[in-house]
Every structure is written in C-alpha cells, then in structure tokens.
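Colleague: My structure is stored as upload_20.cif, with mmCIF, C-alpha atoms and all ligand atoms.
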data_work
loop_
_atom_site.label_atom_id
_atom_site.label_comp_id
_atom_site.auth_asym_id
_atom_site.auth_seq_id
_atom_site.Cartn_x
_atom_site.Cartn_y
_atom_site.Cartn_z
CA MET A 1 0.34 -63.24 -5.59
CA ALA A 2 1.44 -66.39 -3.83
CA LYS A 3 0.97 -69.54 -5.88
CA THR A 4 -2.01 -71.34 -4.44
CA ALA A 5 -3.39 -74.68 -5.54
CA TYR A 6 -7.02 -75.70 -5.57
CA LEU A 7 -8.51 -79.18 -5.71
CA PHE A 8 -12.11 -79.60 -6.73
CA ASP A 9 -13.82 -82.05 -9.03
CA PRO A 10 -17.52 -82.73 -9.67
CA VAL A 11 -16.89 -86.38 -8.71
CA TYR A 12 -16.83 -85.25 -5.07
CA MET A 13 -20.51 -84.40 -5.43
CA GLU A 14 -21.37 -87.96 -6.43
CA HIS A 15 -21.22 -89.01 -2.77
CA ARG A 16 -24.91 -88.58 -1.99
CA THR A 17 -26.20 -88.60 1.55
CA GLU A 18 -29.78 -89.13 2.69
CA TRP A 19 -32.37 -86.38 2.29
CA GLY A 20 -31.90 -83.59 4.83
CA HIS A 21 -28.35 -84.65 5.73
CA PRO A 22 -26.16 -81.59 6.42
CA GLU A 23 -23.07 -83.07 4.69
CA ARG A 24 -24.41 -82.72 1.16
CA PRO A 25 -23.03 -82.21 -2.36
CA GLU A 26 -24.32 -78.61 -2.48
CA ARG A 27 -21.57 -77.65 -0.02
CA LEU A 28 -18.93 -78.01 -2.70
CA ALA A 29 -21.07 -76.33 -5.34
CA ALA A 30 -21.41 -73.29 -3.07
CA ILE A 31 -17.66 -73.11 -2.54
CA ASP A 32 -16.75 -73.54 -6.19
CA GLU A 33 -19.34 -71.03 -7.36
CA LEU A 34 -18.07 -68.32 -5.03
CA LEU A 35 -14.41 -68.99 -5.89
CA ARG A 36 -15.13 -68.77 -9.62
CA LYS A 37 -16.24 -65.15 -9.13
CA GLN A 38 -12.94 -64.12 -7.54
CA PRO A 39 -10.36 -62.24 -9.62
CA TYR A 40 -7.67 -64.70 -8.55
CA PHE A 41 -9.59 -67.81 -9.63
CA THR A 42 -7.91 -68.25 -13.01
CA GLU A 43 -4.49 -67.98 -11.34
CA LEU A 44 -5.09 -70.93 -9.02
CA VAL A 45 -3.01 -74.03 -9.80
CA ARG A 46 -5.51 -76.80 -10.47
CA VAL A 47 -4.95 -80.18 -8.83
CA GLU A 48 -6.67 -83.29 -10.20
CA LYS A 49 -8.56 -86.04 -8.48
CA MET A 50 -6.94 -89.48 -8.44
CA ILE A 51 -7.54 -93.04 -7.27
CA PRO A 52 -4.62 -93.56 -4.86
CA ASP A 53 -2.48 -96.60 -4.27
CA ILE A 54 -4.28 -98.45 -1.46
CA LYS A 55 -0.95 -98.88 0.36
CA TYR A 56 -1.15 -95.24 1.41
CA ILE A 57 -4.64 -95.66 2.90
CA GLU A 58 -3.29 -98.70 4.77
CA MET A 59 -0.86 -96.44 6.62
CA ILE A 60 -3.90 -95.22 8.62
CA HIS A 61 -6.70 -97.76 8.09
CA ASP A 62 -6.78 -101.57 8.45
CA PRO A 63 -6.84 -103.49 5.15
CA ASP A 64 -9.92 -105.31 6.48
CA TYR A 65 -11.68 -102.02 7.06
CA ILE A 66 -10.93 -100.82 3.54
CA ALA A 67 -12.23 -104.09 2.07
CA ARG A 68 -15.33 -103.89 4.25
CA ALA A 69 -15.98 -100.29 3.18
CA LYS A 70 -15.90 -101.34 -0.48
CA ARG A 71 -18.08 -104.39 0.08
CA GLU A 72 -20.76 -102.77 2.25
CA ILE A 73 -20.97 -99.42 0.47
CA GLU A 74 -20.92 -100.79 -3.06
CA GLY A 75 -23.32 -103.51 -1.87
CA GLY A 76 -25.95 -100.82 -1.43
CA ASP A 77 -26.00 -100.09 2.31
CA SER A 78 -27.52 -96.69 3.08
CA TYR A 79 -25.16 -95.96 5.95
CA PHE A 80 -21.71 -97.25 6.89
CA ASP A 81 -20.77 -98.22 10.46
CA SER A 82 -22.55 -95.35 12.15
CA MET A 83 -26.08 -94.08 11.47
CA ASP A 84 -24.79 -90.56 10.77
CA THR A 85 -22.40 -91.73 8.04
CA SER A 86 -24.88 -91.83 5.20
CA VAL A 87 -23.63 -93.30 1.92
CA CYS A 88 -24.70 -94.20 -1.61
CA ALA A 89 -23.25 -96.86 -3.92
CA ARG A 90 -20.70 -94.34 -5.29
CA SER A 91 -19.42 -93.25 -1.89
CA TYR A 92 -16.54 -95.74 -1.64
CA GLU A 93 -14.99 -94.66 -4.92
CA VAL A 94 -15.59 -90.98 -4.17
CA ALA A 95 -13.86 -91.44 -0.80
CA LEU A 96 -10.89 -92.95 -2.66
CA TYR A 97 -10.84 -89.94 -5.00
CA ALA A 98 -10.87 -87.62 -1.97
CA VAL A 99 -7.76 -89.29 -0.55
CA GLY A 100 -6.05 -89.42 -3.95
CA GLY A 101 -6.76 -85.76 -4.67
CA CYS A 102 -5.23 -84.81 -1.33
CA LEU A 103 -2.13 -86.90 -2.14
CA ASN A 104 -1.86 -85.11 -5.49
CA MET A 105 -2.05 -81.86 -3.55
CA CYS A 106 0.79 -83.07 -1.32
CA ASP A 107 2.89 -83.71 -4.43
CA CYS A 108 2.02 -80.29 -5.81
CA ILE A 109 3.10 -78.51 -2.63
CA MET A 110 6.14 -80.69 -1.91
CA LYS A 111 7.41 -80.20 -5.46
CA GLY A 112 7.03 -76.45 -5.09
CA ARG A 113 4.41 -75.97 -7.79
CA ALA A 114 2.47 -73.91 -5.23
CA ARG A 115 3.02 -72.69 -1.69
CA TYR A 116 -0.45 -73.23 -0.35
CA GLY A 117 -3.21 -75.66 -1.19
CA PHE A 118 -6.92 -75.98 -0.55
CA CYS A 119 -8.68 -79.32 -1.04
CA ALA A 120 -12.44 -78.96 -1.54
CA VAL A 121 -13.21 -82.65 -1.11
CA ARG A 122 -15.85 -84.83 0.48
CA PRO A 123 -16.53 -87.06 2.27
CA PRO A 124 -14.60 -85.39 5.10
CA GLY A 125 -12.11 -87.38 7.18
CA HIS A 126 -11.18 -86.40 10.72
CA HIS A 127 -13.69 -88.63 12.55
CA ALA A 128 -12.68 -91.76 10.60
CA GLU A 129 -10.87 -94.25 12.84
CA ARG A 130 -8.50 -97.08 11.91
CA ASN A 131 -11.35 -99.60 11.93
CA TYR A 132 -14.60 -97.71 11.68
CA ALA A 133 -16.36 -94.84 9.99
CA ALA A 134 -18.05 -92.08 11.98
CA GLY A 135 -19.26 -88.51 11.82
CA PHE A 136 -19.80 -88.43 8.02
CA CYS A 137 -16.19 -89.63 7.47
CA ILE A 138 -14.94 -92.78 5.69
CA PHE A 139 -11.18 -92.32 5.13
CA ASN A 140 -9.09 -89.87 7.12
CA ASN A 141 -7.85 -87.61 4.31
CA VAL A 142 -5.57 -85.46 6.48
CA ALA A 143 -4.06 -88.31 8.50
CA ILE A 144 -3.24 -90.24 5.32
CA SER A 145 -1.72 -87.11 3.76
CA ALA A 146 0.44 -86.50 6.84
CA ARG A 147 1.89 -90.02 6.68
CA TYR A 148 2.29 -89.70 2.90
CA VAL A 149 4.58 -86.67 3.07
CA GLN A 150 6.68 -88.47 5.67
CA GLU A 151 6.85 -91.65 3.62
CA LYS A 152 7.42 -90.09 0.20
CA TYR A 153 9.34 -86.93 1.01
CA GLY A 154 11.07 -87.77 4.30
CA ILE A 155 9.34 -84.95 6.17
CA GLU A 156 10.21 -85.35 9.85
CA ARG A 157 7.79 -83.02 11.59
CA VAL A 158 4.18 -82.52 10.50
CA ALA A 159 1.70 -80.26 12.29
CA ILE A 160 -2.04 -80.70 11.91
CA VAL A 161 -4.19 -77.79 13.08
CA ASP A 162 -7.85 -78.83 13.32
CA TRP A 163 -10.20 -75.86 13.62
CA ASP A 164 -13.35 -77.80 12.75
CA VAL A 165 -15.86 -77.27 15.58
CA HIS A 166 -15.72 -80.99 16.39
CA HIS A 167 -12.76 -82.84 17.85
CA GLY A 168 -10.89 -84.93 15.25
CA ASN A 169 -10.91 -88.19 17.18
CA GLY A 170 -9.66 -90.25 14.24
CA THR A 171 -6.68 -88.01 13.58
CA GLN A 172 -5.73 -87.81 17.25
CA HIS A 173 -5.94 -91.58 17.64
CA SER A 174 -3.76 -92.09 14.55
CA PHE A 175 -0.86 -90.11 15.98
CA GLU A 176 -1.16 -89.80 19.77
CA GLY A 177 1.83 -92.11 20.33
CA ASP A 178 3.95 -90.37 17.70
CA GLU A 179 6.17 -87.33 18.30
CA SER A 180 6.66 -86.66 14.59
CA ILE A 181 3.06 -85.57 13.94
CA TYR A 182 1.69 -82.91 16.27
CA TYR A 183 -2.12 -82.81 16.31
CA MET A 184 -3.75 -79.64 17.66
CA SER A 185 -7.48 -79.09 17.89
CA LEU A 186 -9.85 -76.33 18.94
CA HIS A 187 -13.39 -77.59 19.33
CA GLN A 188 -16.66 -77.04 21.10
CA TYR A 189 -16.58 -79.17 24.25
CA PRO A 190 -18.32 -81.11 25.61
CA TYR A 191 -19.78 -82.08 22.26
CA TYR A 192 -19.69 -84.71 19.52
CA PRO A 193 -17.66 -87.00 19.40
CA GLY A 194 -16.98 -86.76 23.15
CA THR A 195 -13.18 -86.93 22.92
CA GLY A 196 -10.76 -83.99 23.07
CA SER A 197 -10.52 -83.02 26.73
CA ASP A 198 -7.44 -80.99 27.60
CA SER A 199 -6.07 -83.95 29.56
CA GLU A 200 -5.57 -85.90 26.29
CA LYS A 201 -1.96 -85.00 25.48
CA GLY A 202 -0.62 -88.09 23.75
CA PHE A 203 1.31 -90.97 25.27
CA GLY A 204 4.70 -92.70 25.11
CA SER A 205 7.07 -90.81 22.84
CA GLY A 206 4.02 -88.87 21.57
CA LYS A 207 3.34 -87.35 24.97
CA GLY A 208 3.12 -83.59 24.56
CA TYR A 209 2.40 -83.84 20.82
CA THR A 210 -1.38 -83.75 21.11
CA LEU A 211 -2.93 -80.44 22.10
CA ASN A 212 -6.63 -80.11 22.82
CA LEU A 213 -8.19 -76.72 23.36
CA PRO A 214 -11.80 -77.35 24.39
CA MET A 215 -13.96 -74.26 23.82
CA ARG A 216 -17.11 -73.48 25.76
CA MET A 217 -20.34 -73.09 23.81
CA GLY A 218 -20.90 -69.43 23.03
CA SER A 219 -17.18 -68.80 22.44
CA GLY A 220 -16.48 -66.37 19.63
CA ASP A 221 -13.75 -64.67 17.64
CA GLU A 222 -11.96 -63.23 20.63
CA GLU A 223 -11.65 -66.51 22.55
CA TYR A 224 -10.52 -68.37 19.45
CA ILE A 225 -7.91 -65.82 18.38
CA GLN A 226 -6.60 -65.79 21.91
CA ALA A 227 -6.33 -69.58 21.96
CA PHE A 228 -4.38 -69.37 18.69
CA GLU A 229 -2.03 -66.69 19.99
CA ASP A 230 -1.51 -68.15 23.46
CA PHE A 231 -1.28 -71.87 22.66
CA ILE A 232 -1.35 -72.93 18.99
CA ILE A 233 1.27 -70.51 17.67
CA PRO A 234 3.80 -70.88 20.53
CA GLU A 235 3.52 -74.68 20.33
CA LEU A 236 4.03 -74.58 16.55
CA GLU A 237 7.06 -72.34 16.94
CA GLN A 238 8.60 -74.75 19.38
CA PHE A 239 7.79 -77.78 17.20
CA GLU A 240 9.09 -76.22 13.98
CA PRO A 241 6.84 -78.15 11.56
CA GLN A 242 8.12 -78.72 8.02
CA ILE A 243 4.57 -78.67 6.70
CA ILE A 244 1.24 -77.62 8.22
CA PHE A 245 -2.05 -79.35 7.43
CA ILE A 246 -5.29 -77.66 8.36
CA SER A 247 -8.32 -79.81 9.08
CA ALA A 248 -10.41 -76.98 7.74
CA GLY A 249 -13.95 -77.32 8.97
CA PHE A 250 -16.11 -74.21 9.01
CA ASP A 251 -18.83 -75.40 11.38
CA ALA A 252 -17.56 -73.09 14.14
CA HIS A 253 -19.07 -70.25 12.09
CA ALA A 254 -21.79 -68.28 13.90
CA ASN A 255 -24.36 -69.22 11.24
CA ASP A 256 -23.61 -72.93 11.26
CA PRO A 257 -26.59 -75.07 12.27
CA LEU A 258 -24.50 -77.76 13.99
CA SER A 259 -22.59 -75.74 16.57
CA ALA A 260 -22.86 -73.16 19.32
CA ILE A 261 -19.60 -71.37 18.52
CA ASP A 262 -19.80 -67.92 16.99
CA LEU A 263 -16.95 -67.21 14.60
CA GLY A 264 -17.18 -64.71 11.75
CA SER A 265 -15.85 -65.58 8.28
CA ASP A 266 -12.97 -63.14 8.72
CA THR A 267 -11.64 -65.08 11.68
CA PHE A 268 -10.68 -67.92 9.34
CA TYR A 269 -8.65 -65.37 7.37
CA LYS A 270 -6.89 -64.37 10.61
CA PHE A 271 -6.19 -68.00 11.57
CA THR A 272 -4.66 -68.52 8.13
CA LYS A 273 -2.46 -65.42 8.45
CA LEU A 274 -1.16 -66.63 11.82
CA LEU A 275 -0.33 -70.05 10.37
CA GLN A 276 1.35 -68.48 7.33
CA ASP A 277 3.76 -66.68 9.68
CA VAL A 278 4.78 -70.03 11.18
CA ALA A 279 4.97 -71.75 7.79
CA ARG A 280 7.23 -68.98 6.48
CA SER A 281 9.69 -69.48 9.33
CA TYR A 282 9.88 -73.27 9.45
CA ALA A 283 7.94 -74.97 6.69
CA ASP A 284 9.18 -73.33 3.50
CA ASN A 285 5.65 -71.78 3.40
CA ARG A 286 3.96 -75.16 2.94
CA ILE A 287 0.32 -75.25 4.10
CA ILE A 288 -2.39 -77.63 2.90
CA ALA A 289 -5.97 -77.06 4.04
CA VAL A 290 -8.43 -79.92 3.63
CA LEU A 291 -12.15 -79.39 3.96
CA GLU A 292 -13.88 -81.09 6.90
CA GLY A 293 -17.26 -79.72 8.13
CA GLY A 294 -19.24 -76.51 7.55
CA TYR A 295 -22.96 -76.79 6.91
CA ASP A 296 -24.38 -73.33 6.27
CA LEU A 297 -23.75 -72.97 2.55
CA GLU A 298 -23.21 -69.22 2.50
CA ALA A 299 -21.04 -69.14 5.65
CA LEU A 300 -19.05 -72.11 4.36
CA ALA A 301 -18.33 -70.62 0.93
CA ASP A 302 -17.52 -67.23 2.40
CA SER A 303 -15.14 -68.67 4.99
CA VAL A 304 -13.32 -70.86 2.46
CA GLU A 305 -12.91 -67.79 0.25
CA ARG A 306 -11.36 -65.90 3.18
CA VAL A 307 -8.77 -68.67 3.66
CA ILE A 308 -7.86 -68.68 -0.03
CA GLN A 309 -7.75 -64.88 -0.06
CA ALA A 310 -5.19 -65.04 2.76
CA PHE A 311 -3.19 -67.57 0.73
CA VAL A 312 -3.15 -65.72 -2.57
CA GLU A 313 -2.46 -62.22 -1.28
CA GLU A 314 0.69 -63.29 0.58
ZN ZN B 401 -17.28 -80.68 12.31
#
Written as structure tokens, how would this file's structure read?
Modeller:
Amino acid sequence: MAKTAYLFDPVYMEHRTEWGHPERPERLAAIDELLRKQPYFTELVRVEKMIPDIKYIEMIHDPDYIARAKREIEGGDSYFDSMDTSVCARSYEVALYAVGGCLNMCDCIMKGRARYGFCAVRPPGHHAERNYAAGFCIFNNVAISARYVQEKYGIERVAIVDWDVHHGNGTQHSFEGDESIYYMSLHQYPYYPGTGSDSEKGFGSGKGYTLNLPMRMGSGDEEYIQAFEDFIIPELEQFEPQIIFISAGFDAHANDPLSAIDLGSDTFYKFTKLLQDVARSYADNRIIAVLEGGYDLEALADSVERVIQAFVEE
C-alpha cells in the first residue's frame, strides 16, 4: 500500500453558507463518512489543520485583499465580493485553516512522509483571484500551495491539473506569465466563469504553459479520457513536473446538479492512475489533490474514494 495522506478537520465545516447553497458543510461529512468505512482508512497518514503564515497567502493575494476579507467577513457580511460567495462570521478563519492545512500537506509530501495526499478542505479555491473572491472561493488553496513548494523546497516545475467542471480562472491568472507552473484545465465550456477558451495559452515567458481543454456539454468518460491521453499526459511528460497538484473538483460527475458533463466515479480513478504514471517518472511520485467543487453528496464521496483508492493501491 502506498503511503497516502489525508487532511480533514471538523473546522472546515464551520464555514456555513446560506440555506440551499450547494457548497455546504455536508459535502465534507459525506466524504469523511465514506472514507471511514474503507479498510485502508486507519493506514492513512493524518495531516492537521493550521493557521498559516500570512506571507504565504501574500504570494498569491494582495495584502489589502486579505485584510478586507478579514474585516468584511468577520464584520458579519453574508456574502463576500460576489453574491455566490456566501460566508458566515467564521469563514475567514476557516479559509485560513484551509490554506494552512494544504501547506501542512505540502510539507508531509515534500518530506516523504507520504507519496500522495488528499485535502478535504473548504472553502474551495480555484476561482479566487488576486483581489477578489468568486465562485464560492476566498483564498486560492492550490495556487498558494504551488508557490509554497517553490519557495520552501526549491521545486522548479509544478504542474496543476484542474479537472473541476469549471475553469479555474484564479489559478490561471496567478501563473499565466510563468513558465515554472503549468496550469492545465478541462472544463465545461462555455460556462461559468466564462474564461478558459483554448486560445488562452499564457503569455510572455509563460506562453505555452497554460492549457485549456474546453469540453462541450454532454461530454462523458470517453471524451475526457481521450483529452487526458491526447493532451494532458503528453504535455506533462514534456514538462517533467517535480510535483503534481490536482484541483480536484467532482462537479463533472453525471449526477452533479451544477454541470452538464457526464463522468462516472470510476473515471476519476482512471485520471488518477494516468497522473500517477507521470508522477512516478518525474515527480518522485508526489501528487497532492485538493478538493474544489462537487455538489451531489453521494457522487462526491464516491468519486473522492475512487481517487484515494487509486493512491493507496499503488
Ligand atoms: Zn466547479
């Protein structure tokens, strides 16, 4: 069994969104409950939540934005920046814990305590921009983690594979001028947030290090696996990443209420296997998956379990 690390803490459920909001605390409960029933659960390396040093968040977000997030959210606002980013008074601190937990996971993987990691955190991150919150996201957990492993461990090439059904505008915008972090996304298109056309390929020295694979509504397992095999994997092999982050959203699942893409849970297992092959060749096996979307509780839990199954059975 390959050493696999798991980050979850009840504090991540203290970020409460308005009634009827799809990004709700029950998502994490569903995941944790299903994982607890698995024979491998007690073997998972547990990673703790943490309040991070703000300097790491400032690698991606403006100090003014961070201060404004604290002030407005803790001041009692019911949403932050965008109407869809519903918050409660605890949400700022919980968002800090989400970032900090992911940084702890980075340490765990970089120090070789586990090969693979899964971060069951919320709020999610990939829509969060340098200066504003959007799409249920406050701080960009994956983008901050990518910079962190460069800063702390001298990693030169980081790949981020974003299979959430939405385009990760915030992550792309963080790195589109940077050749050291290759952002790749498959997403329903045209769709929220509107970015992610295949003509967006990065600029300056980052040109060619942004890859967008827009998927038509109604696309399913076959189209997605083919996009992985024809584009994602060859690009990764050429880039030779030293670590792979997955922006692991599960809203492309057929049962998800927010999308018109039809993936089965097993397809996330297959994606993971394909990425493990790359990580074995170039990245000393290092893969960290961070939860983004996924709003049908059963499909979400099942799909996360398939990813962790792929990790542990390696
Ligand atoms: Zn999404």
Colleague: Considering only C-alpha atoms, tabulate each residue of stretch 218-301 of chain A that lies at most 6 Å from stretch 111-119 of chain A along with its nearest interatomic pair and the corresponding distance in Å to one decimal; arrange the rows by chain and ascending residue number and present them as CSV.
Modeller:
residue,atom,partner,partner_atom,distance
A:Asn285,CA,A:Arg115,CA,5.8
A:Arg286,CA,A:Arg115,CA,5.3
A:Ile287,CA,A:Tyr116,CA,4.9
A:Ile288,CA,A:Gly117,CA,4.6
A:Ala289,CA,A:Phe118,CA,4.8
A:Val290,CA,A:Cys119,CA,4.7
Colleague: Set the distance at 12 Å and use all atoms listed in the file: which residues neighbour A:Gly20 once local chain neighbours fewer than 5 positions away are removed? I'd like the list as a PyMOL selection string.
Modeller: chain A and resi 25-26+84+86+295
Colleague: Return as a Markdown table the residues of chain A lying at most 10 Å from ligand ZN 401 (chain B), together with the closest atom-to-atom pair for each and the distance in Å to one decimal, counting all atoms listed in the file, with rows in chain order and ascending residue number.
Modeller:
| residue | atom | partner | partner_atom | distance |
| --- | --- | --- | --- | --- |
| A:Glu23 | CA | B:ZN401 | ZN | 9.9 |
| A:Pro124 | CA | B:ZN401 | ZN | 9.0 |
| A:Gly125 | CA | B:ZN401 | ZN | 9.9 |
| A:His126 | CA | B:ZN401 | ZN | 8.5 |
| A:His127 | CA | B:ZN401 | ZN | 8.7 |
| A:Gly135 | CA | B:ZN401 | ZN | 8.1 |
| A:Phe136 | CA | B:ZN401 | ZN | 9.2 |
| A:Asp162 | CA | B:ZN401 | ZN | 9.7 |
| A:Trp163 | CA | B:ZN401 | ZN | 8.7 |
| A:Asp164 | CA | B:ZN401 | ZN | 4.9 |
| A:Val165 | CA | B:ZN401 | ZN | 4.9 |
| A:His166 | CA | B:ZN401 | ZN | 4.4 |
| A:His167 | CA | B:ZN401 | ZN | 7.5 |
| A:Gly168 | CA | B:ZN401 | ZN | 8.2 |
| A:His187 | CA | B:ZN401 | ZN | 8.6 |
| A:Gln188 | CA | B:ZN401 | ZN | 9.5 |
| A:Tyr192 | CA | B:ZN401 | ZN | 8.6 |
| A:Pro193 | CA | B:ZN401 | ZN | 9.5 |
| A:Ser247 | CA | B:ZN401 | ZN | 9.6 |
| A:Ala248 | CA | B:ZN401 | ZN | 9.0 |
| A:Gly249 | CA | B:ZN401 | ZN | 5.8 |
| A:Phe250 | CA | B:ZN401 | ZN | 7.4 |
| A:Asp251 | CA | B:ZN401 | ZN | 5.6 |
| A:Ala252 | CA | B:ZN401 | ZN | 7.8 |
| A:Leu258 | CA | B:ZN401 | ZN | 8.0 |
| A:Ser259 | CA | B:ZN401 | ZN | 8.4 |
| A:Leu291 | CA | B:ZN401 | ZN | 9.9 |
| A:Glu292 | CA | B:ZN401 | ZN | 6.4 |
| A:Gly293 | CA | B:ZN401 | ZN | 4.3 |
| A:Gly294 | CA | B:ZN401 | ZN | 6.6 |
| A:Tyr295 | CA | B:ZN401 | ZN | 8.7 |
Colleague: Filtering to C-alpha atoms, could you give me those residues as an mmCIF file, keeping the file's coordinate frame?
Modeller:
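Output file result38.cif follows:
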data_model
loop_
_atom_site.group_PDB
_atom_site.id
_atom_site.type_symbol
_atom_site.label_atom_id
_atom_site.label_comp_id
_atom_site.auth_asym_id
_atom_site.auth_seq_id
_atom_site.Cartn_x
_atom_site.Cartn_y
_atom_site.Cartn_z
ATOM 1 C CA GLU A 23 -23.070 -83.070 4.690
ATOM 2 C CA PRO A 124 -14.600 -85.390 5.100
ATOM 3 C CA GLY A 125 -12.110 -87.380 7.180
ATOM 4 C CA HIS A 126 -11.180 -86.400 10.720
ATOM 5 C CA HIS A 127 -13.690 -88.630 12.550
ATOM 6 C CA GLY A 135 -19.260 -88.510 11.820
ATOM 7 C CA PHE A 136 -19.800 -88.430 8.020
ATOM 8 C CA ASP A 162 -7.850 -78.830 13.320
ATOM 9 C CA TRP A 163 -10.200 -75.860 13.620
ATOM 10 C CA ASP A 164 -13.350 -77.800 12.750
ATOM 11 C CA VAL A 165 -15.860 -77.270 15.580
ATOM 12 C CA HIS A 166 -15.720 -80.990 16.390
ATOM 13 C CA HIS A 167 -12.760 -82.840 17.850
ATOM 14 C CA GLY A 168 -10.890 -84.930 15.250
ATOM 15 C CA HIS A 187 -13.390 -77.590 19.330
ATOM 16 C CA GLN A 188 -16.660 -77.040 21.100
ATOM 17 C CA TYR A 192 -19.690 -84.710 19.520
ATOM 18 C CA PRO A 193 -17.660 -87.000 19.400
ATOM 19 C CA SER A 247 -8.320 -79.810 9.080
ATOM 20 C CA ALA A 248 -10.410 -76.980 7.740
ATOM 21 C CA GLY A 249 -13.950 -77.320 8.970
ATOM 22 C CA PHE A 250 -16.110 -74.210 9.010
ATOM 23 C CA ASP A 251 -18.830 -75.400 11.380
ATOM 24 C CA ALA A 252 -17.560 -73.090 14.140
ATOM 25 C CA LEU A 258 -24.500 -77.760 13.990
ATOM 26 C CA SER A 259 -22.590 -75.740 16.570
ATOM 27 C CA LEU A 291 -12.150 -79.390 3.960
ATOM 28 C CA GLU A 292 -13.880 -81.090 6.900
ATOM 29 C CA GLY A 293 -17.260 -79.720 8.130
ATOM 30 C CA GLY A 294 -19.240 -76.510 7.550
ATOM 31 C CA TYR A 295 -22.960 -76.790 6.910
#
Colleague: Counting all atoms listed in the file, which residues in stretch 78-103 of chain A sit no more than 9 Å from stretch 48-51 of chain A? For each one, give the nearest pair of atoms and the distance in Å, sorted by chain then residue number, as JSON lines.
Modeller:
{"residue": "A:Glu93", "atom": "CA", "partner": "A:Ile51", "partner_atom": "CA", "distance": 8.0}
{"residue": "A:Val94", "atom": "CA", "partner": "A:Ile51", "partner_atom": "CA", "distance": 8.9}
{"residue": "A:Leu96", "atom": "CA", "partner": "A:Ile51", "partner_atom": "CA", "distance": 5.7}
{"residue": "A:Tyr97", "atom": "CA", "partner": "A:Ile51", "partner_atom": "CA", "distance": 5.1}
{"residue": "A:Ala98", "atom": "CA", "partner": "A:Lys49", "partner_atom": "CA", "distance": 7.1}
{"residue": "A:Val99", "atom": "CA", "partner": "A:Ile51", "partner_atom": "CA", "distance": 7.7}
{"residue": "A:Gly100", "atom": "CA", "partner": "A:Met50", "partner_atom": "CA", "distance": 4.6}
{"residue": "A:Gly101", "atom": "CA", "partner": "A:Lys49", "partner_atom": "CA", "distance": 4.2}
{"residue": "A:Cys102", "atom": "CA", "partner": "A:Lys49", "partner_atom": "CA", "distance": 8.0}
{"residue": "A:Leu103", "atom": "CA", "partner": "A:Met50", "partner_atom": "CA", "distance": 8.3}
Colleague: Can you pull out the residues contacting A:Glu235? Cut-off 12 Å, using all atoms listed in the file, and skip same-chain residues under 3 positions away; I want them as a list of chain:residue names.
Modeller: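 What passes the distance filter is A:Ala159, A:Ile160, A:Val161, A:Tyr182, A:Tyr183, A:Met184, A:Gly208, A:Tyr209, A:Thr210, A:Leu211, A:Asn212, A:Ala227, A:Phe228, A:Glu229, A:Asp230, A:Phe231, A:Ile232, A:Gln238, A:Phe239, A:Glu240, A:Pro241, A:Leu275, A:Val278.
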Colleague: Given the selection you just returned, output its residues as a file containing C-alpha atoms, formatted as a CSV table (one decimal), in the frame of the given file.
Modeller:
chain,number,residue,atom,x,y,z
A,159,ALA,CA,1.7,-80.3,12.3
A,160,ILE,CA,-2.0,-80.7,11.9
A,161,VAL,CA,-4.2,-77.8,13.1
A,182,TYR,CA,1.7,-82.9,16.3
A,183,TYR,CA,-2.1,-82.8,16.3
A,184,MET,CA,-3.8,-79.6,17.7
A,208,GLY,CA,3.1,-83.6,24.6
A,209,TYR,CA,2.4,-83.8,20.8
A,210,THR,CA,-1.4,-83.8,21.1
A,211,LEU,CA,-2.9,-80.4,22.1
A,212,ASN,CA,-6.6,-80.1,22.8
A,227,ALA,CA,-6.3,-69.6,22.0
A,228,PHE,CA,-4.4,-69.4,18.7
A,229,GLU,CA,-2.0,-66.7,20.0
A,230,ASP,CA,-1.5,-68.2,23.5
A,231,PHE,CA,-1.3,-71.9,22.7
A,232,ILE,CA,-1.4,-72.9,19.0
A,238,GLN,CA,8.6,-74.8,19.4
A,239,PHE,CA,7.8,-77.8,17.2
A,240,GLU,CA,9.1,-76.2,14.0
A,241,PRO,CA,6.8,-78.2,11.6
A,275,LEU,CA,-0.3,-70.0,10.4
A,278,VAL,CA,4.8,-70.0,11.2
Colleague: One decimal, Å: what's the distance from atom CA of A:Leu263 over to atom CA of A:Val307, could you say?
Modeller: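 Taking atom CA of A:Leu263 and atom CA of A:Val307, their separation equals 13.7 Å.
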Colleague: Pick the closest to A:Pro257 from A:Glu151, A:Met13, A:Met1, A:Pro22: which is it, counting only C-alpha atoms?
Modeller: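 When distances to A:Pro257 are compared using only C-alpha atoms, the smallest one comes from A:Pro22.
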